[in-house]
file data-v3.cif (mmCIF, C-alpha atoms)
data_model
#
loop_
_atom_site.label_atom_id
_atom_site.label_comp_id
_atom_site.auth_asym_id
_atom_site.auth_seq_id
_atom_site.Cartn_x
_atom_site.Cartn_y
_atom_site.Cartn_z
CA MET A 22 -25.75 -4.64 44.56
CA MET A 23 -22.26 -5.21 45.92
CA ASP A 24 -22.41 -8.88 44.93
CA LEU A 25 -23.44 -7.95 41.40
CA ILE A 26 -20.44 -5.60 41.02
CA LYS A 27 -18.12 -8.32 42.41
CA ASP A 28 -19.52 -10.88 39.97
CA ILE A 29 -19.12 -8.54 37.00
CA ILE A 30 -15.50 -7.70 37.85
CA THR A 31 -14.71 -11.40 38.42
CA GLY A 32 -16.30 -12.29 35.09
CA ILE A 33 -14.21 -9.71 33.26
CA CYS A 34 -11.03 -10.97 34.94
CA PHE A 35 -11.87 -14.61 34.07
CA PHE A 36 -12.61 -13.61 30.47
CA ILE A 37 -9.23 -11.89 30.04
CA GLY A 38 -7.49 -14.83 31.75
CA SER A 39 -9.20 -17.42 29.54
CA LEU A 40 -8.36 -15.40 26.43
CA SER A 41 -4.70 -15.15 27.39
CA ILE A 42 -4.28 -18.85 28.21
CA ILE A 43 -5.94 -19.91 24.94
CA ILE A 44 -3.78 -17.43 22.98
CA GLY A 45 -0.71 -18.78 24.79
CA ALA A 46 -1.59 -22.39 23.97
CA CYS A 47 -2.19 -21.55 20.30
CA GLY A 48 1.18 -19.77 20.21
CA LEU A 49 2.82 -22.79 21.80
CA ILE A 50 1.57 -24.85 18.86
CA LYS A 51 2.13 -22.31 16.06
CA PHE A 52 5.57 -20.88 16.79
CA PRO A 53 8.55 -22.43 14.98
CA ASP A 54 11.28 -23.06 17.59
CA VAL A 55 12.00 -23.19 21.32
CA PHE A 56 13.16 -19.62 21.71
CA SER A 57 9.96 -18.16 20.33
CA ARG A 58 7.76 -20.66 22.15
CA ILE A 59 9.09 -19.31 25.44
CA HIS A 60 7.15 -16.09 24.73
CA ALA A 61 3.89 -18.01 24.47
CA ALA A 62 4.62 -19.93 27.69
CA GLY A 63 5.28 -16.61 29.44
CA MET A 64 1.86 -15.42 28.27
CA ILE A 65 0.24 -18.37 30.06
CA ASP A 66 2.35 -17.95 33.19
CA THR A 67 1.86 -14.21 33.71
CA GLY A 68 -1.37 -13.15 32.04
CA GLY A 69 -3.46 -16.22 32.76
CA THR A 70 -2.35 -16.77 36.35
CA ALA A 71 -2.52 -13.09 37.32
CA PHE A 72 -6.04 -12.53 36.01
CA PHE A 73 -7.49 -15.82 37.30
CA LEU A 74 -6.04 -15.26 40.77
CA LEU A 75 -7.23 -11.62 40.75
CA GLY A 76 -10.75 -12.75 39.94
CA MET A 77 -10.74 -15.33 42.75
CA ILE A 78 -9.28 -12.80 45.23
CA ILE A 79 -12.08 -10.32 44.39
CA GLN A 80 -14.62 -13.12 44.87
CA THR A 81 -13.45 -14.19 48.35
CA GLY A 82 -12.87 -10.83 49.99
CA TRP A 83 -10.59 -10.67 53.03
CA SER A 84 -9.80 -14.07 54.50
CA LEU A 85 -7.02 -16.66 54.79
CA ILE A 86 -7.82 -17.90 51.28
CA THR A 87 -6.79 -14.49 49.91
CA VAL A 88 -3.35 -14.84 51.49
CA LYS A 89 -2.95 -18.32 50.02
CA LEU A 90 -3.98 -17.16 46.55
CA LEU A 91 -1.48 -14.30 46.81
CA LEU A 92 1.21 -16.82 47.82
CA VAL A 93 0.49 -18.91 44.72
CA GLY A 94 0.62 -15.77 42.55
CA ILE A 95 3.89 -14.49 44.01
CA PHE A 96 5.52 -17.93 43.73
CA ILE A 97 4.56 -18.42 40.08
CA PHE A 98 5.52 -14.82 39.32
CA PHE A 99 9.06 -15.47 40.57
CA THR A 100 9.65 -19.03 39.35
CA SER A 101 8.27 -18.78 35.80
CA PRO A 102 11.05 -16.46 34.52
CA VAL A 103 13.64 -18.66 36.25
CA SER A 104 12.53 -21.82 34.45
CA SER A 105 12.20 -19.98 31.12
CA HIS A 106 15.73 -18.63 31.51
CA VAL A 107 17.13 -22.05 32.40
CA ILE A 108 15.44 -23.65 29.37
CA ALA A 109 16.74 -20.96 26.98
CA ASN A 110 20.24 -21.08 28.47
CA LEU A 111 20.45 -24.88 28.23
CA ALA A 112 19.09 -24.90 24.68
CA ARG A 113 21.76 -22.38 23.77
CA GLN A 114 24.46 -24.53 25.40
CA LYS A 115 23.30 -27.51 23.33
CA LYS A 116 24.07 -25.47 20.15
CA MET A 117 20.50 -24.82 19.12
CA VAL A 118 20.21 -21.71 16.96
CA PRO A 119 17.16 -19.44 16.73
CA ILE A 120 15.82 -19.50 13.17
CA GLY A 121 16.03 -16.31 11.17
CA ARG A 122 19.59 -15.39 12.14
CA LYS A 123 22.97 -16.39 10.81
CA ILE A 124 25.21 -18.32 13.18
CA GLY A 125 28.22 -16.08 12.75
CA LYS A 126 26.15 -12.99 13.48
CA LEU A 127 24.76 -14.45 16.69
CA LEU A 128 28.00 -15.67 18.17
CA MET B 9 -18.60 -18.46 35.55
CA TYR B 10 -16.25 -20.94 37.19
CA LEU B 11 -17.44 -23.62 34.79
CA ALA B 12 -16.60 -21.46 31.77
CA ALA B 13 -13.12 -20.77 33.16
CA LEU B 14 -12.60 -24.50 33.79
CA ILE B 15 -13.63 -25.29 30.20
CA ALA B 16 -11.15 -22.70 28.92
CA CYS B 17 -8.43 -24.34 31.05
CA ALA B 18 -9.35 -27.74 29.59
CA ILE B 19 -9.21 -26.51 25.98
CA SER B 20 -5.87 -24.84 26.59
CA GLY B 21 -4.54 -27.99 28.26
CA LEU B 22 -5.54 -30.10 25.27
CA LEU B 23 -3.73 -27.70 22.91
CA ILE B 24 -0.62 -27.93 25.09
CA LEU B 25 -0.86 -31.74 25.04
CA VAL B 26 -0.69 -31.57 21.23
CA ARG B 27 2.62 -29.71 21.58
CA ILE B 28 3.92 -32.29 24.06
CA ILE B 29 3.15 -35.08 21.60
CA LEU B 30 4.48 -33.28 18.49
CA GLY B 31 7.47 -31.56 20.12
CA LYS B 32 10.66 -31.98 18.14
CA THR B 33 13.26 -31.43 20.86
CA THR B 34 13.27 -32.23 24.57
CA PHE B 35 13.23 -28.53 25.48
CA ASP B 36 9.89 -28.06 23.72
CA ARG B 37 8.44 -30.84 25.81
CA VAL B 38 9.88 -29.52 29.07
CA LEU B 39 8.52 -26.03 28.31
CA ALA B 40 5.08 -27.42 27.47
CA VAL B 41 5.00 -29.58 30.61
CA ASN B 42 5.90 -26.53 32.71
CA SER B 43 3.02 -24.56 31.14
CA LEU B 44 0.67 -27.50 31.68
CA GLY B 45 1.65 -27.54 35.37
CA THR B 46 0.82 -23.85 35.69
CA LEU B 47 -2.56 -24.52 34.08
CA ILE B 48 -3.18 -27.37 36.51
CA VAL B 49 -2.43 -25.04 39.44
CA ILE B 50 -5.06 -22.61 38.16
CA GLY B 51 -7.44 -25.50 37.50
CA ILE B 52 -7.15 -26.90 41.03
CA ALA B 53 -7.93 -23.49 42.57
CA LEU B 54 -10.86 -22.97 40.19
CA HIS B 55 -12.21 -26.45 40.91
CA GLY B 56 -12.17 -25.69 44.63
CA PHE B 57 -14.13 -22.50 44.10
CA PHE B 58 -16.52 -24.28 41.73
CA MET B 59 -17.35 -26.97 44.29
CA GLY B 60 -17.69 -24.39 47.07
CA ARG B 61 -14.60 -25.56 48.98
CA PRO B 62 -11.85 -22.93 48.58
CA GLU B 63 -9.47 -24.92 50.84
CA PHE B 64 -8.21 -26.63 47.68
CA VAL B 65 -5.81 -23.69 47.29
CA ASP B 66 -3.42 -25.49 49.66
CA ILE B 67 -3.05 -28.29 47.10
CA ALA B 68 -2.46 -25.65 44.41
CA ILE B 69 0.46 -24.22 46.45
CA VAL B 70 2.05 -27.67 46.79
CA TYR B 71 1.55 -28.37 43.07
CA ALA B 72 3.25 -25.09 42.14
CA LEU B 73 6.27 -25.98 44.31
CA ILE B 74 6.57 -29.50 42.87
CA ASN B 75 6.17 -28.20 39.31
CA PHE B 76 9.13 -25.83 39.69
CA ILE B 77 11.34 -28.45 41.38
CA GLY B 78 10.48 -31.00 38.67
CA THR B 79 11.35 -28.64 35.82
CA ILE B 80 14.68 -27.67 37.36
CA GLY B 81 15.45 -31.34 38.11
CA ILE B 82 14.80 -32.49 34.54
CA LEU B 83 16.93 -29.66 33.15
CA LYS B 84 19.76 -30.42 35.56
CA LEU B 85 19.67 -34.09 34.51
CA LEU B 86 19.80 -33.02 30.84
CA SER B 87 22.62 -30.60 31.50
CA THR B 88 25.08 -32.64 33.58
CA GLY B 89 23.86 -36.23 33.32
CA SER B 90 23.34 -36.62 37.06
CA PHE B 91 21.37 -35.04 39.86
CA GLY B 92 24.53 -33.65 41.43
CA GLU B 93 25.33 -36.32 44.01
CA SER B 94 28.80 -36.20 45.51
CA LYS B 95 31.38 -38.60 44.13
#

call {"tool": "encode", "arguments": {"input": "data-v3.cif", "output": "structure tokens"}}
result
Amino acid sequence: MMDLIKDIITGICFFIGSLSIIIGACGLIKFPDVFSRIHAAGMIDTGGTAFFLLGMIIQTGWSLITVKLLLVGIFIFFTSPVSSHVIANLARQKKMVPIGRKIGKLL
Amino acid sequence: MYLAALIACAISGLLILVRIILGKTTFDRVLAVNSLGTLIVIGIALHGFFMGRPEFVDIAIVYALINFIGTIGILKLLSTGSFGESK
């Protein structure tokens, strides 16, 4: 009984994670420029990773593997915004302009 | 269950590879490679669970570290033209 509940919760978590990584990859193809593609990459980094790791943590229970999975989750949770910010900042320094705005309005 | 999640990771990785090939600027490619690295981290952990050996999570930790360092290194090289060695 307990195993069945664990499997169902893990399946739901994996389903949401798979949906969010596929949506993120489609957005990475569809969106027009770098600044909007960063949103799609953030979808992969937060939604996908969080739900997949949550499903695996529920599946293992309490052990050393749980701590390691939490370490992976915390690390990606802190470093993904840092790399997104660095990419956006550097693209802005190289005079790339987000489409849909006038240059004079943005600066 | 694990197999379905791995197939979803593979499909998503192929879609990201299309962006790496088509990407107009370098920043698009760096962003897509960073996302692909995150997907590979998830994929390594899932593969370990799928084969019944969850110790593969160690490799996932190392891959996450190297992915972040690589992204920051490429962006630093693009920004300043060097890796910051002293003159």

call {"tool": "closest_residue", "arguments": {"input": "data-v3.cif", "among": "A:Ile65, A:Ala71, A:Val88, A:Val55", "to": "Ala112 (chain A)", "atoms": "only C-alpha atoms"}}
result
A:Val55

call {"tool": "residues_around", "arguments": {"input": "data-v3.cif", "residues": "Asn42 (chain B)", "least_positions_apart": "2", "cutoff": "12 Å", "atoms": "all atoms listed in the file", "output": "PyMOL selection string"}}
result
(chain A and resi 49+59+62-63+65-66+97+100-105+108) or (chain B and resi 21+24-25+28+35-40+44-49+71-83)

call {"tool": "write_last_selection", "arguments": {"input": "data-v3.cif", "atoms": "C-alpha atoms", "output": "CSV table (one decimal), in the frame of the given file"}}
result
chain,number,residue,atom,x,y,z
A,49,LEU,CA,2.8,-22.8,21.8
A,59,ILE,CA,9.1,-19.3,25.4
A,62,ALA,CA,4.6,-19.9,27.7
A,63,GLY,CA,5.3,-16.6,29.4
A,65,ILE,CA,0.2,-18.4,30.1
A,66,ASP,CA,2.4,-18.0,33.2
A,97,ILE,CA,4.6,-18.4,40.1
A,100,THR,CA,9.6,-19.0,39.4
A,101,SER,CA,8.3,-18.8,35.8
A,102,PRO,CA,11.0,-16.5,34.5
A,103,VAL,CA,13.6,-18.7,36.2
A,104,SER,CA,12.5,-21.8,34.4
A,105,SER,CA,12.2,-20.0,31.1
A,108,ILE,CA,15.4,-23.6,29.4
B,21,GLY,CA,-4.5,-28.0,28.3
B,24,ILE,CA,-0.6,-27.9,25.1
B,25,LEU,CA,-0.9,-31.7,25.0
B,28,ILE,CA,3.9,-32.3,24.1
B,35,PHE,CA,13.2,-28.5,25.5
B,36,ASP,CA,9.9,-28.1,23.7
B,37,ARG,CA,8.4,-30.8,25.8
B,38,VAL,CA,9.9,-29.5,29.1
B,39,LEU,CA,8.5,-26.0,28.3
B,40,ALA,CA,5.1,-27.4,27.5
B,44,LEU,CA,0.7,-27.5,31.7
B,45,GLY,CA,1.6,-27.5,35.4
B,46,THR,CA,0.8,-23.8,35.7
B,47,LEU,CA,-2.6,-24.5,34.1
B,48,ILE,CA,-3.2,-27.4,36.5
B,49,VAL,CA,-2.4,-25.0,39.4
B,71,TYR,CA,1.6,-28.4,43.1
B,72,ALA,CA,3.2,-25.1,42.1
B,73,LEU,CA,6.3,-26.0,44.3
B,74,ILE,CA,6.6,-29.5,42.9
B,75,ASN,CA,6.2,-28.2,39.3
B,76,PHE,CA,9.1,-25.8,39.7
B,77,ILE,CA,11.3,-28.4,41.4
B,78,GLY,CA,10.5,-31.0,38.7
B,79,THR,CA,11.4,-28.6,35.8
B,80,ILE,CA,14.7,-27.7,37.4
B,81,GLY,CA,15.4,-31.3,38.1
B,82,ILE,CA,14.8,-32.5,34.5
B,83,LEU,CA,16.9,-29.7,33.2

call {"tool": "interface_residues", "arguments": {"input": "data-v3.cif", "of": "chain A", "to": "chain B", "cutoff": "9 Å", "atoms": "only C-alpha atoms", "output": "count of residues only"}}
result
48

call {"tool": "axis_aligned_box", "arguments": {"input": "data-v3.cif", "around": "region 76-94 of chain B", "padding_each_side": "8 Å", "output": "AutoDock Vina command-line options"}}
result
--center_x 19.0 --center_y -31.2 --center_z 38.2 --size_x 35.7 --size_y 26.8 --size_z 30.7

call {"tool": "atom_distance", "arguments": {"input": "data-v3.cif", "atom1": "CA of Cys34 (chain A)", "atom2": "CA of Phe72 (chain A)"}}
result
5.3 Å

call {"tool": "atom_distance", "arguments": {"input": "data-v3.cif", "atom1": "CA of Val118 (chain A)", "atom2": "CA of Phe56 (chain A)"}}
result
8.8 Å

call {"tool": "atom_distance", "arguments": {"input": "data-v3.cif", "atom1": "CA of Leu91 (chain A)", "atom2": "CA of Ile78 (chain A)"}}
result
8.1 Å

call {"tool": "build_atoms", "arguments": {"input": "data-v3.cif", "residues": "region 40-63 of chain A", "atoms": "N, CA and C atoms", "output": "PDB file, in the frame of the given file"}}
result
ATOM      1  N   LEU A  40      -8.864 -15.820  27.741  1.00  0.00           N
ATOM      2  CA  LEU A  40      -8.360 -15.400  26.430  1.00  0.00           C
ATOM      3  C   LEU A  40      -6.844 -15.543  26.387  1.00  0.00           C
ATOM      4  N   SER A  41      -6.167 -15.125  27.456  1.00  0.00           N
ATOM      5  CA  SER A  41      -4.700 -15.150  27.390  1.00  0.00           C
ATOM      6  C   SER A  41      -4.172 -16.575  27.459  1.00  0.00           C
ATOM      7  N   ILE A  42      -4.830 -17.496  28.215  1.00  0.00           N
ATOM      8  CA  ILE A  42      -4.280 -18.850  28.210  1.00  0.00           C
ATOM      9  C   ILE A  42      -4.549 -19.555  26.883  1.00  0.00           C
ATOM     10  N   ILE A  43      -5.692 -19.254  26.233  1.00  0.00           N
ATOM     11  CA  ILE A  43      -5.940 -19.910  24.940  1.00  0.00           C
ATOM     12  C   ILE A  43      -5.003 -19.348  23.878  1.00  0.00           C
ATOM     13  N   ILE A  44      -4.747 -18.013  23.923  1.00  0.00           N
ATOM     14  CA  ILE A  44      -3.780 -17.430  22.980  1.00  0.00           C
ATOM     15  C   ILE A  44      -2.396 -18.029  23.212  1.00  0.00           C
ATOM     16  N   GLY A  45      -2.026 -18.203  24.493  1.00  0.00           N
ATOM     17  CA  GLY A  45      -0.710 -18.780  24.790  1.00  0.00           C
ATOM     18  C   GLY A  45      -0.593 -20.196  24.283  1.00  0.00           C
ATOM     19  N   ALA A  46      -1.665 -21.003  24.432  1.00  0.00           N
ATOM     20  CA  ALA A  46      -1.590 -22.390  23.970  1.00  0.00           C
ATOM     21  C   ALA A  46      -1.523 -22.460  22.453  1.00  0.00           C
ATOM     22  N   CYS A  47      -2.268 -21.569  21.765  1.00  0.00           N
ATOM     23  CA  CYS A  47      -2.190 -21.550  20.300  1.00  0.00           C
ATOM     24  C   CYS A  47      -0.791 -21.140  19.843  1.00  0.00           C
ATOM     25  N   GLY A  48      -0.184 -20.168  20.560  1.00  0.00           N
ATOM     26  CA  GLY A  48       1.180 -19.770  20.210  1.00  0.00           C
ATOM     27  C   GLY A  48       2.164 -20.890  20.445  1.00  0.00           C
ATOM     28  N   LEU A  49       1.930 -21.665  21.511  1.00  0.00           N
ATOM     29  CA  LEU A  49       2.820 -22.790  21.800  1.00  0.00           C
ATOM     30  C   LEU A  49       2.775 -23.828  20.683  1.00  0.00           C
ATOM     31  N   ILE A  50       1.630 -23.925  19.989  1.00  0.00           N
ATOM     32  CA  ILE A  50       1.570 -24.850  18.860  1.00  0.00           C
ATOM     33  C   ILE A  50       2.141 -24.216  17.595  1.00  0.00           C
ATOM     34  N   LYS A  51       1.828 -22.927  17.349  1.00  0.00           N
ATOM     35  CA  LYS A  51       2.130 -22.310  16.060  1.00  0.00           C
ATOM     36  C   LYS A  51       3.586 -21.923  15.884  1.00  0.00           C
ATOM     37  N   PHE A  52       4.258 -21.501  16.968  1.00  0.00           N
ATOM     38  CA  PHE A  52       5.570 -20.880  16.790  1.00  0.00           C
ATOM     39  C   PHE A  52       6.617 -21.895  16.364  1.00  0.00           C
ATOM     40  N   PRO A  53       7.671 -21.465  15.648  1.00  0.00           N
ATOM     41  CA  PRO A  53       8.550 -22.430  14.980  1.00  0.00           C
ATOM     42  C   PRO A  53       9.617 -23.088  15.850  1.00  0.00           C
ATOM     43  N   ASP A  54      10.211 -22.404  16.834  1.00  0.00           N
ATOM     44  CA  ASP A  54      11.280 -23.060  17.590  1.00  0.00           C
ATOM     45  C   ASP A  54      11.184 -22.725  19.072  1.00  0.00           C
ATOM     46  N   VAL A  55      12.118 -23.289  19.857  1.00  0.00           N
ATOM     47  CA  VAL A  55      12.000 -23.190  21.320  1.00  0.00           C
ATOM     48  C   VAL A  55      12.044 -21.748  21.781  1.00  0.00           C
ATOM     49  N   PHE A  56      12.932 -20.964  21.191  1.00  0.00           N
ATOM     50  CA  PHE A  56      13.160 -19.620  21.710  1.00  0.00           C
ATOM     51  C   PHE A  56      11.969 -18.715  21.513  1.00  0.00           C
ATOM     52  N   SER A  57      11.162 -18.967  20.480  1.00  0.00           N
ATOM     53  CA  SER A  57       9.960 -18.160  20.330  1.00  0.00           C
ATOM     54  C   SER A  57       8.789 -18.760  21.098  1.00  0.00           C
ATOM     55  N   ARG A  58       8.849 -20.076  21.364  1.00  0.00           N
ATOM     56  CA  ARG A  58       7.760 -20.660  22.150  1.00  0.00           C
ATOM     57  C   ARG A  58       7.804 -20.221  23.593  1.00  0.00           C
ATOM     58  N   ILE A  59       8.994 -19.787  24.061  1.00  0.00           N
ATOM     59  CA  ILE A  59       9.090 -19.310  25.440  1.00  0.00           C
ATOM     60  C   ILE A  59       8.209 -18.084  25.646  1.00  0.00           C
ATOM     61  N   HIS A  60       8.041 -17.251  24.612  1.00  0.00           N
ATOM     62  CA  HIS A  60       7.150 -16.090  24.730  1.00  0.00           C
ATOM     63  C   HIS A  60       5.721 -16.529  25.035  1.00  0.00           C
ATOM     64  N   ALA A  61       5.264 -17.553  24.280  1.00  0.00           N
ATOM     65  CA  ALA A  61       3.890 -18.010  24.470  1.00  0.00           C
ATOM     66  C   ALA A  61       3.698 -18.611  25.865  1.00  0.00           C
ATOM     67  N   ALA A  62       4.729 -19.353  26.343  1.00  0.00           N
ATOM     68  CA  ALA A  62       4.620 -19.930  27.690  1.00  0.00           C
ATOM     69  C   ALA A  62       4.585 -18.822  28.736  1.00  0.00           C
ATOM     70  N   GLY A  63       5.330 -17.732  28.504  1.00  0.00           N
ATOM     71  CA  GLY A  63       5.280 -16.610  29.440  1.00  0.00           C
ATOM     72  C   GLY A  63       3.918 -15.947  29.473  1.00  0.00           C
TER      73      GLY A  63
END
